[in-house]
Each structure stands twice: as structure tokens, then as C-alpha cells.
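Undergrad: Can you read through this structure? Questions will come right after.
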There are 2 protein chains.
Amino acid sequence: MNLGEIGEFGFIDRISRGLVTRPDGIVCGIGDDCAVTHGAGSRLRLLTTDLLIERVHFLLSAITFRQLGAKALAVSLSDIAAMGGTPLDAYVSLAVPGGVAVEQLDELYAGLREMASRFTVNVLGGDTTGSKGDLVINVALTGEVEEEHILYRGGARPGDTLYVSGFLGDSVAGLDAVVNGRASQDATAAELARRHHEPQPHVHEARTIAATGLAHAMIDVSDGLASDLPHVCDRSQVGAEVYEESLPLSPELLAYAARHGLSPHALALSGGEDYVLLLAGDARLREAAGGAGVTLFPIGQVLDAGRRELVRRDGTRVPLARGGWDHFPSDT
Amino acid sequence: MNLGEIGEFGFIDRISRGLVTRPDGIVCGIGDDCAVTHGAGSRLRLLTTDLLIERVHFLLSAITFRQLGAKALAVSLSDIAAMGGTPLDAYVSLAVPGGVAVEQLDELYAGLREMASRFTVNVLGGDTTGSKGDLVINVALTGEVEEEHILYRGGARPGDTLYVSGFLGDSVAGLDAVVNGRASQDATAAELARRHHEPQPHVHEARTIAATGLAHAMIDVSDGLASDLPHVCDRSQVGAEVYEESLPLSPELLAYAARHGLSPHALALSGGEDYVLLLAGDARLREAAGGAGVTLFPIGQVLDAGRRELVRRDGTRVPLARGGWDHFPSDT
């Protein structure tokens, strides 16, 4: 059997049985953006790990080493943010093919150091080795969060409003520009490609949201809204409806999509790697967050379990297809 | 400049500046077997991460998936052991090429689960993705150790005895058997290949050694004695002499080396991946550890800084050449 037949999440279900043999102190293992364990006092400890592989997650012909170093950390920072946490210490494993120069790795570490410094994260260790093929980076990142502020995927309640913390679809449009050789053709495409290569994790936004006490569930949009929202629904045992007309679309996405005959709403629904936050919470949350300087976009409602629908702009309803990014697409 | 020109440790020196921007609570960053941070009470928290890459660290034609899963965790367990610590929770990142079947990954996880279960380690998370080339596994592993029991590389004192906790050279002899197609030729070669593919981390041995209070410095022998001892000397600012005739050699290594015209002592000095412990401590340590069921082999003495010598069997002295395993050998 091939991984494509069961998919990334089918595989995770398959292997995740029997992996916790010492449950003391374990709050949450596999199944959320971070693992959660008891820390000192009322603090919970978070840990996430993300693996980036050349030709799967990035092309060295398109991304700079500086961008790559920053992005490798940013994707893990986004997982800490998704729990409402504060990032602490990173551990970087790197496998380097023979053709990569030390000066390029200096650039990679410069990008990593800048991103770490912005979020007061230490790099405390790692592993460096050779590779006979692709460049590989794994970042393991610890964090912490107060027990009263942690946000799991599983806390959404019927009646909650669904929000996202930023534009959707920019990253996949930027990827489209890169793979179709358009990234340097015009300023719009270049800007979208830059957003794809330089994701900005919403760590401060997440802390602000968690501090309001009005959010009930959170996840980061890494695989695409249509793939990440079902994780919240599954863990919360709820349904949801998303309003197509409410999806926040950047001017750049609208311009790029118009020029190249793409649906900006389809990109916003299924495109991955925007690394904004998706959350469910009280109807007063938008105002509370806004008062603290964080913009939230309401995009839908949490329903009782059962229906998961997209309300299209013409008022028709269609099932919300799980169309996000799966690392083992079954058609390849 | 190529990584081969500065080597793995030159590269680590180069990139490790400016990586700690929030020193509070950080006991030790890059430079030992694990990073060390303050935990609850008098406990210190440990974290190590190890990256295994196909064709660099293993050949899928030689190692079974079950062995690979166990080994990926074992090498990190050995790092926790090297600090005198107890392992806690593992996070497994896996990049899987298209040709690998789900059933093979089941085997990999079976091996991982067995190793985790033996040491009461949880697997709490990870990341699973595709690969266009090699299979990649990264394990991040947390642990803890009492402040009074932690053992760093930097604690060795002139006059200390140097010990190892098991045979040296078996793993590299097993690798030699594998790459020369001898692993299935006879029982001795098969057993050495098995030791190469199934390293046994000395976690219980390390805890026993740490509890004696008679050890001053410890490291695991992952890159080879001739490479790992200099780390202890550098961090402790001491010299050392190693007695060639005292190196513990297994009957299998002696038989294999005799049959194939190899020097068992050279293999024991420079061969990597034995994952035994190298430690410096009080002359009474061997007896104290032995009383608790742990066999230590005295192999040398710690000297004042300056001399690092091998005392050959004929009594002559030669500089202890740093001949261990560097992941970027300059001659490739």
C-alpha cells in the first residue's frame, strides 16, 4: 500500500496508537499543533517539529537561503502561536548536499537568526550532517503557555464565530507565480512570491487573542482552510459554515487571479502556507482583539455536528470539500 | 568554500555565535550532547535532536525498517544518557520517498515503539511528509536529570581515570562487513552488522554511573573515541593518554579483524556509532559501578592540558589523532 492511498492524516491515525506509555504529565500528544506537557507551576510546555525537504517544500532555484532559514523557523513559530503560546528554544537539524557552499549556509543561518531574534527565540542546538541528495531542515521548537490561555483545536462550540487573522490564498498564488515562472514578471506576482517565501507567523496576534479569554479553539492555516477547518470540526465534534464572500482576499491576490484566470476564492479556500490563524470564539472577540490592535476577519459560524458547508456568493450551499494540501496526494 | 574544508565542528563554531538572545533559564546551549535548561524544582531539562539521512547514515538495502526505527531513537537516547539523564518524550519527523510502502513504515514504527517502550519514552508528535529522494528521519528527544547528577563534557580533571562502558569498534567493523558484502558470509560478520544496525543506548548504565557521584565528565562515543575524547579534553581544558592495550575489544571484532587483515585497535580508536559511554572520573568509580552491575573499562588517564597521546602496546607514544567520523570528510 502506498502512502497516497491513505494520505498524511490516515497515516498519522495508523501509527499513533500505543505511542504514549508514560501518561504522567502529558496533556496532549499527537493531534494538535503542538504536544503539551506540564511545566513549572501553571505553565504548560509546548513542543512542535517541522521538516522541510528540498523539491517538496521549497526549490533552491526560487527561494534564497536567507528566506529558507527564516521560513524553517517561521512554520514552527506558527504552531506555537496556534496554541496561544510563547516560543522559547529552537533546535535545528540540517542535511547539506555537497554543492552547497558555507557562505550559503551563513545566509541560511542569518535568516534563521533574524527570525529567532524577532521573537526572542534561542537556537540551543541541532544536528548538522551531509546529504547525498536534497537539502533537509528540521526545526524542533519549544514554547510555553499559561494553562488558562491555551487554545486547542477541540474547543469550538456551536454558535461560535469563525475568524481568520489575515489574508488567505496569497501563499498559494505566490507558489503558482514561482512554478509558472511569473515571479519576476510584475510587482504583484513578485510580492505574492515574497509572501510565499517569507511567511510571518502570527505569534503576537495569537497571544493577544488568547489573552482576551474569548477564543475557544485555534489552529494555524498551514495546509489550507478547507483542510485545517475540518481538524477543528473533528476535534471539537462540531459542524461549520463558511461564507465565501467573507474570505479575506488581498488586492494582490485579486489582481493576480484576474490576470491569470484563477478563482481567488478557490485559492483562498484550498491554498496552504498562509500561516494565519483560524479560530472559533465569542462574537465579541473581533472587537476585543481589534481594541488590542489585532485584525480578525469573521468568515463563518460553528454549527452542530453534521453539516460542513460553504455558502457561496449566490447563496447556494455546497459541502466544504477537504481540498487542502496533503503531503501525499493520492494522484501522484 | 565547501563544508569539507571547515568540517562539521568548524561549521558549528561558525554558526553558533549570536544564537542565544534570551539567556534566562538556559544552562547549556550548543556544545554538549544535549541542550540544558532549567525545569521544575532542581530538575534540569534536556533536549537533543538527531537527523538520519538515507545513503549517509544508512542503506535501505542493508538495514531493516524495524532496525531503522529503533536506531533513529537509540542515537538520541544515547545523547540523553551521555548527560546522565532520563529520557522522556520523542518527536519524530519522517520524509518518505514514493517507493516506500505503508507496511514498511508500520515496521519502522514497530521498531521505534519497541525502543521507546524499553525506555518508557512517549512519542508525542512529529511531522510526516513526502520526499522526492532519500528517506529522512529526525528525532527530537526530551529528558531530565537532577542538578546534582548531570554530567557535562567539561568536568574532567587531571588525575581522573578514563573509562568506556562497552566494546569499541564493533559498529564500524559491522559497517565494513555490510559495505563489503560480508554481512551474511559468516556468523561473526552477521553479528557485527547486527550491532551496527541495532545500537543499544547505555541509558541505565549512565543513570547508575551518575548516581555514584564519582564521575566528572561524560560523552557518548558516536563519532569514534579519537573524535569524541578531544571534545572532553577541549571542554575540560585537559590532556589525556589512552592505553592501546586497554581498549575493550569484543571476540567478534578480534576474529573479524584477523580474518580480513584489519587492525582491531585502529577500528576501536576511530570507529563511530558504538554508542557506549566515555567518561572521566574517580579511580573508585569502576568498583562502585561494578557493584551496581555496570561494567566499566579503564582505558587511560586525564592529564594536564597539552598532551593527548596514545600509549601503544610497545610502549611508544604517538599523538592521539583526531581520526573519528566527520560528516563532511574533506577528502570527498
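For the C-alpha cells, the naming scheme is as follows: chains receive sequential letters (A, B, ...) according to their order of presentation, residues are indexed from 1 within each chain, and ligands are indexed from 1 in presentation order.
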Show me, as a tab-separated table, the residues of chain B having an atom within 6 Å of chain A, each with the closest atom pair and its distance in Å, using only C-alpha atoms.

TA:
residue	atom	partner	partner_atom	distance
B:Met1	CA	A:Ala101	CA	5.4
B:Asn2	CA	A:Ala101	CA	5.1
B:Leu3	CA	A:Val102	CA	5.8
B:Leu19	CA	A:Val123	CA	5.1
B:Val20	CA	A:Asn122	CA	4.6
B:Thr21	CA	A:Asn122	CA	5.8
B:Gly29	CA	A:Leu124	CA	4.4
B:Ile30	CA	A:Gly125	CA	4.8
B:Ala40	CA	A:Ala40	CA	5.0
B:Thr49	CA	A:Gly126	CA	5.6
B:Asp50	CA	A:Asp127	CA	5.7
B:Ala101	CA	A:Asn2	CA	5.0
B:Val102	CA	A:Met1	CA	5.5
B:Asn122	CA	A:Val20	CA	4.5
B:Val123	CA	A:Leu19	CA	5.1
B:Leu124	CA	A:Gly29	CA	4.4
B:Gly125	CA	A:Ile30	CA	4.7
B:Gly126	CA	A:Thr49	CA	5.6
B:Asp127	CA	A:Asp50	CA	5.7
B:Thr129	CA	A:His327	CA	5.3
B:Gly130	CA	A:His327	CA	5.8
B:His327	CA	A:Thr129	CA	5.4

Undergrad: Pick out the residues sitting within 7 Å of Asp274 in chain A, and hand them over as JSON, numbers by chain; count only C-alpha atoms, and ignore anything fewer than 4 positions along from it in its own chain.

TA: {"A": [168, 169, 170, 171, 199, 221, 222]}

Undergrad: Measuring between only C-alpha atoms, which one of A:Tyr163, A:Tyr243, A:Phe65, A:Tyr256 shows the shortest distance to Leu192 in chain A?

TA: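 For Leu192 in chain A, the nearest of the candidates is A:Tyr256.
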
Undergrad: Have a look at A:Ile219, A:Ala283, A:Leu253, A:Ala193 and name the one nearest to Thr64 in chain A; count only C-alpha atoms.

TA: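 Checking each of A:Ile219, A:Ala283, A:Leu253, A:Ala193 against Thr64 in chain A, counting only C-alpha atoms, the winner is A:Ala193.
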
Undergrad: Excluding Arg182 in chain B and its own-chain neighbours fewer than 2 positions away, which residues fall within 12 Å of it when counting only C-alpha atoms? Please give them as a PyMOL selection string.

TA: chain B and resi 62+173-180+184-193+256+259-260

Undergrad: Could you write out that same residue set with N, CA, C and O atoms as a PDB file, in the first residue's frame?

TA:
ATOM      1  N   ALA B  62      20.457  -2.570   3.368  1.00  0.00           N
ATOM      2  CA  ALA B  62      21.176  -3.315   4.407  1.00  0.00           C
ATOM      3  C   ALA B  62      20.447  -3.360   5.743  1.00  0.00           C
ATOM      4  O   ALA B  62      20.513  -4.347   6.468  1.00  0.00           O
ATOM      5  N   ALA B 173      33.216  -2.180  12.377  1.00  0.00           N
ATOM      6  CA  ALA B 173      33.506  -3.482  11.759  1.00  0.00           C
ATOM      7  C   ALA B 173      32.238  -4.034  11.101  1.00  0.00           C
ATOM      8  O   ALA B 173      32.288  -4.599  10.005  1.00  0.00           O
ATOM      9  N   GLY B 174      31.099  -3.836  11.748  1.00  0.00           N
ATOM     10  CA  GLY B 174      29.824  -4.254  11.159  1.00  0.00           C
ATOM     11  C   GLY B 174      29.525  -3.498   9.878  1.00  0.00           C
ATOM     12  O   GLY B 174      29.058  -4.072   8.890  1.00  0.00           O
ATOM     13  N   LEU B 175      29.826  -2.200   9.890  1.00  0.00           N
ATOM     14  CA  LEU B 175      29.638  -1.392   8.683  1.00  0.00           C
ATOM     15  C   LEU B 175      30.553  -1.890   7.564  1.00  0.00           C
ATOM     16  O   LEU B 175      30.142  -2.007   6.406  1.00  0.00           O
ATOM     17  N   ASP B 176      31.790  -2.202   7.944  1.00  0.00           N
ATOM     18  CA  ASP B 176      32.752  -2.741   6.976  1.00  0.00           C
ATOM     19  C   ASP B 176      32.211  -4.038   6.366  1.00  0.00           C
ATOM     20  O   ASP B 176      32.299  -4.241   5.147  1.00  0.00           O
ATOM     21  N   ALA B 177      31.628  -4.881   7.205  1.00  0.00           N
ATOM     22  CA  ALA B 177      31.051  -6.136   6.715  1.00  0.00           C
ATOM     23  C   ALA B 177      29.898  -5.865   5.745  1.00  0.00           C
ATOM     24  O   ALA B 177      29.788  -6.516   4.707  1.00  0.00           O
ATOM     25  N   VAL B 178      29.077  -4.875   6.075  1.00  0.00           N
ATOM     26  CA  VAL B 178      27.930  -4.552   5.219  1.00  0.00           C
ATOM     27  C   VAL B 178      28.395  -4.028   3.864  1.00  0.00           C
ATOM     28  O   VAL B 178      27.974  -4.513   2.812  1.00  0.00           O
ATOM     29  N   VAL B 179      29.285  -3.033   3.879  1.00  0.00           N
ATOM     30  CA  VAL B 179      29.645  -2.385   2.608  1.00  0.00           C
ATOM     31  C   VAL B 179      30.497  -3.299   1.729  1.00  0.00           C
ATOM     32  O   VAL B 179      30.536  -3.129   0.519  1.00  0.00           O
ATOM     33  N   ASN B 180      31.154  -4.303   2.343  1.00  0.00           N
ATOM     34  CA  ASN B 180      31.936  -5.242   1.555  1.00  0.00           C
ATOM     35  C   ASN B 180      31.182  -6.543   1.265  1.00  0.00           C
ATOM     36  O   ASN B 180      31.791  -7.527   0.826  1.00  0.00           O
ATOM     37  N   SER B 184      26.465 -11.483   5.433  1.00  0.00           N
ATOM     38  CA  SER B 184      25.768 -12.778   5.513  1.00  0.00           C
ATOM     39  C   SER B 184      26.728 -13.935   5.250  1.00  0.00           C
ATOM     40  O   SER B 184      26.315 -15.078   5.079  1.00  0.00           O
ATOM     41  N   GLN B 185      28.041 -13.645   5.214  1.00  0.00           N
ATOM     42  CA  GLN B 185      29.004 -14.709   4.901  1.00  0.00           C
ATOM     43  C   GLN B 185      29.250 -15.635   6.082  1.00  0.00           C
ATOM     44  O   GLN B 185      29.475 -16.822   5.908  1.00  0.00           O
ATOM     45  N   ASP B 186      29.282 -15.084   7.282  1.00  0.00           N
ATOM     46  CA  ASP B 186      29.508 -15.934   8.448  1.00  0.00           C
ATOM     47  C   ASP B 186      28.877 -15.292   9.678  1.00  0.00           C
ATOM     48  O   ASP B 186      28.489 -14.120   9.653  1.00  0.00           O
ATOM     49  N   ALA B 187      28.776 -16.067  10.743  1.00  0.00           N
ATOM     50  CA  ALA B 187      28.041 -15.641  11.938  1.00  0.00           C
ATOM     51  C   ALA B 187      28.711 -14.439  12.609  1.00  0.00           C
ATOM     52  O   ALA B 187      28.036 -13.561  13.154  1.00  0.00           O
ATOM     53  N   THR B 188      30.032 -14.372  12.557  1.00  0.00           N
ATOM     54  CA  THR B 188      30.740 -13.269  13.202  1.00  0.00           C
ATOM     55  C   THR B 188      30.430 -11.949  12.500  1.00  0.00           C
ATOM     56  O   THR B 188      30.094 -10.946  13.151  1.00  0.00           O
ATOM     57  N   ALA B 189      30.546 -11.952  11.180  1.00  0.00           N
ATOM     58  CA  ALA B 189      30.260 -10.734  10.423  1.00  0.00           C
ATOM     59  C   ALA B 189      28.796 -10.336  10.585  1.00  0.00           C
ATOM     60  O   ALA B 189      28.472  -9.149  10.721  1.00  0.00           O
ATOM     61  N   ALA B 190      27.902 -11.335  10.594  1.00  0.00           N
ATOM     62  CA  ALA B 190      26.474 -11.047  10.755  1.00  0.00           C
ATOM     63  C   ALA B 190      26.208 -10.402  12.110  1.00  0.00           C
ATOM     64  O   ALA B 190      25.416  -9.457  12.223  1.00  0.00           O
ATOM     65  N   GLU B 191      26.889 -10.899  13.141  1.00  0.00           N
ATOM     66  CA  GLU B 191      26.691 -10.358  14.478  1.00  0.00           C
ATOM     67  C   GLU B 191      27.211  -8.912  14.558  1.00  0.00           C
ATOM     68  O   GLU B 191      26.570  -8.041  15.150  1.00  0.00           O
ATOM     69  N   LEU B 192      28.346  -8.635  13.938  1.00  0.00           N
ATOM     70  CA  LEU B 192      28.877  -7.261  13.938  1.00  0.00           C
ATOM     71  C   LEU B 192      27.949  -6.333  13.153  1.00  0.00           C
ATOM     72  O   LEU B 192      27.701  -5.198  13.577  1.00  0.00           O
ATOM     73  N   ALA B 193      27.413  -6.807  12.021  1.00  0.00           N
ATOM     74  CA  ALA B 193      26.460  -5.994  11.250  1.00  0.00           C
ATOM     75  C   ALA B 193      25.215  -5.722  12.085  1.00  0.00           C
ATOM     76  O   ALA B 193      24.671  -4.612  12.063  1.00  0.00           O
ATOM     77  N   TYR B 256      36.961 -10.982  13.334  1.00  0.00           N
ATOM     78  CA  TYR B 256      36.704 -10.352  12.037  1.00  0.00           C
ATOM     79  C   TYR B 256      37.955  -9.644  11.527  1.00  0.00           C
ATOM     80  O   TYR B 256      38.318  -9.763  10.344  1.00  0.00           O
ATOM     81  N   ARG B 259      40.586 -12.092  10.323  1.00  0.00           N
ATOM     82  CA  ARG B 259      40.231 -12.743   9.059  1.00  0.00           C
ATOM     83  C   ARG B 259      40.440 -11.817   7.866  1.00  0.00           C
ATOM     84  O   ARG B 259      40.791 -12.258   6.780  1.00  0.00           O
ATOM     85  N   HIS B 260      40.246 -10.500   8.094  1.00  0.00           N
ATOM     86  CA  HIS B 260      40.274  -9.587   6.951  1.00  0.00           C
ATOM     87  C   HIS B 260      41.458  -8.618   6.980  1.00  0.00           C
ATOM     88  O   HIS B 260      41.467  -7.618   6.266  1.00  0.00           O
TER      89      HIS B 260
END

Undergrad: Glu198 in chain B: which residues within 10 Å, counting only C-alpha atoms, same-chain residues fewer than 4 positions away excluded, as JSON, numbers by chain?

TA: {"B": [63, 66, 67, 68, 69, 70, 71, 72, 74, 171, 192, 193, 194, 274]}

Undergrad: List every residue of range 46-244 of chain B that DSSP, applied to the backbone of this structure, assigns to strand (DSSP E), and report them as a VMD selection string.

TA: chain B and resid 46 to 53 86 to 97 122 to 131 136 to 146 161 to 164 215 to 220 239 to 243

Undergrad: I need the residues of range 132-292 of chain B that end up classed as helix (DSSP H, G or I) by DSSP on the backbone, written out as a VMD selection string.

TA: chain B and resid 153 to 155 170 to 179 187 to 197 203 to 212 225 to 236 244 to 246 251 to 260 264 to 270 285 to 291

Undergrad: What does the distance between CA of Leu254 in chain A and CA of Gly181 in chain A come to in Å, to one decimal place?

TA: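 That distance, rounded to one decimal, is 18.8 Å.
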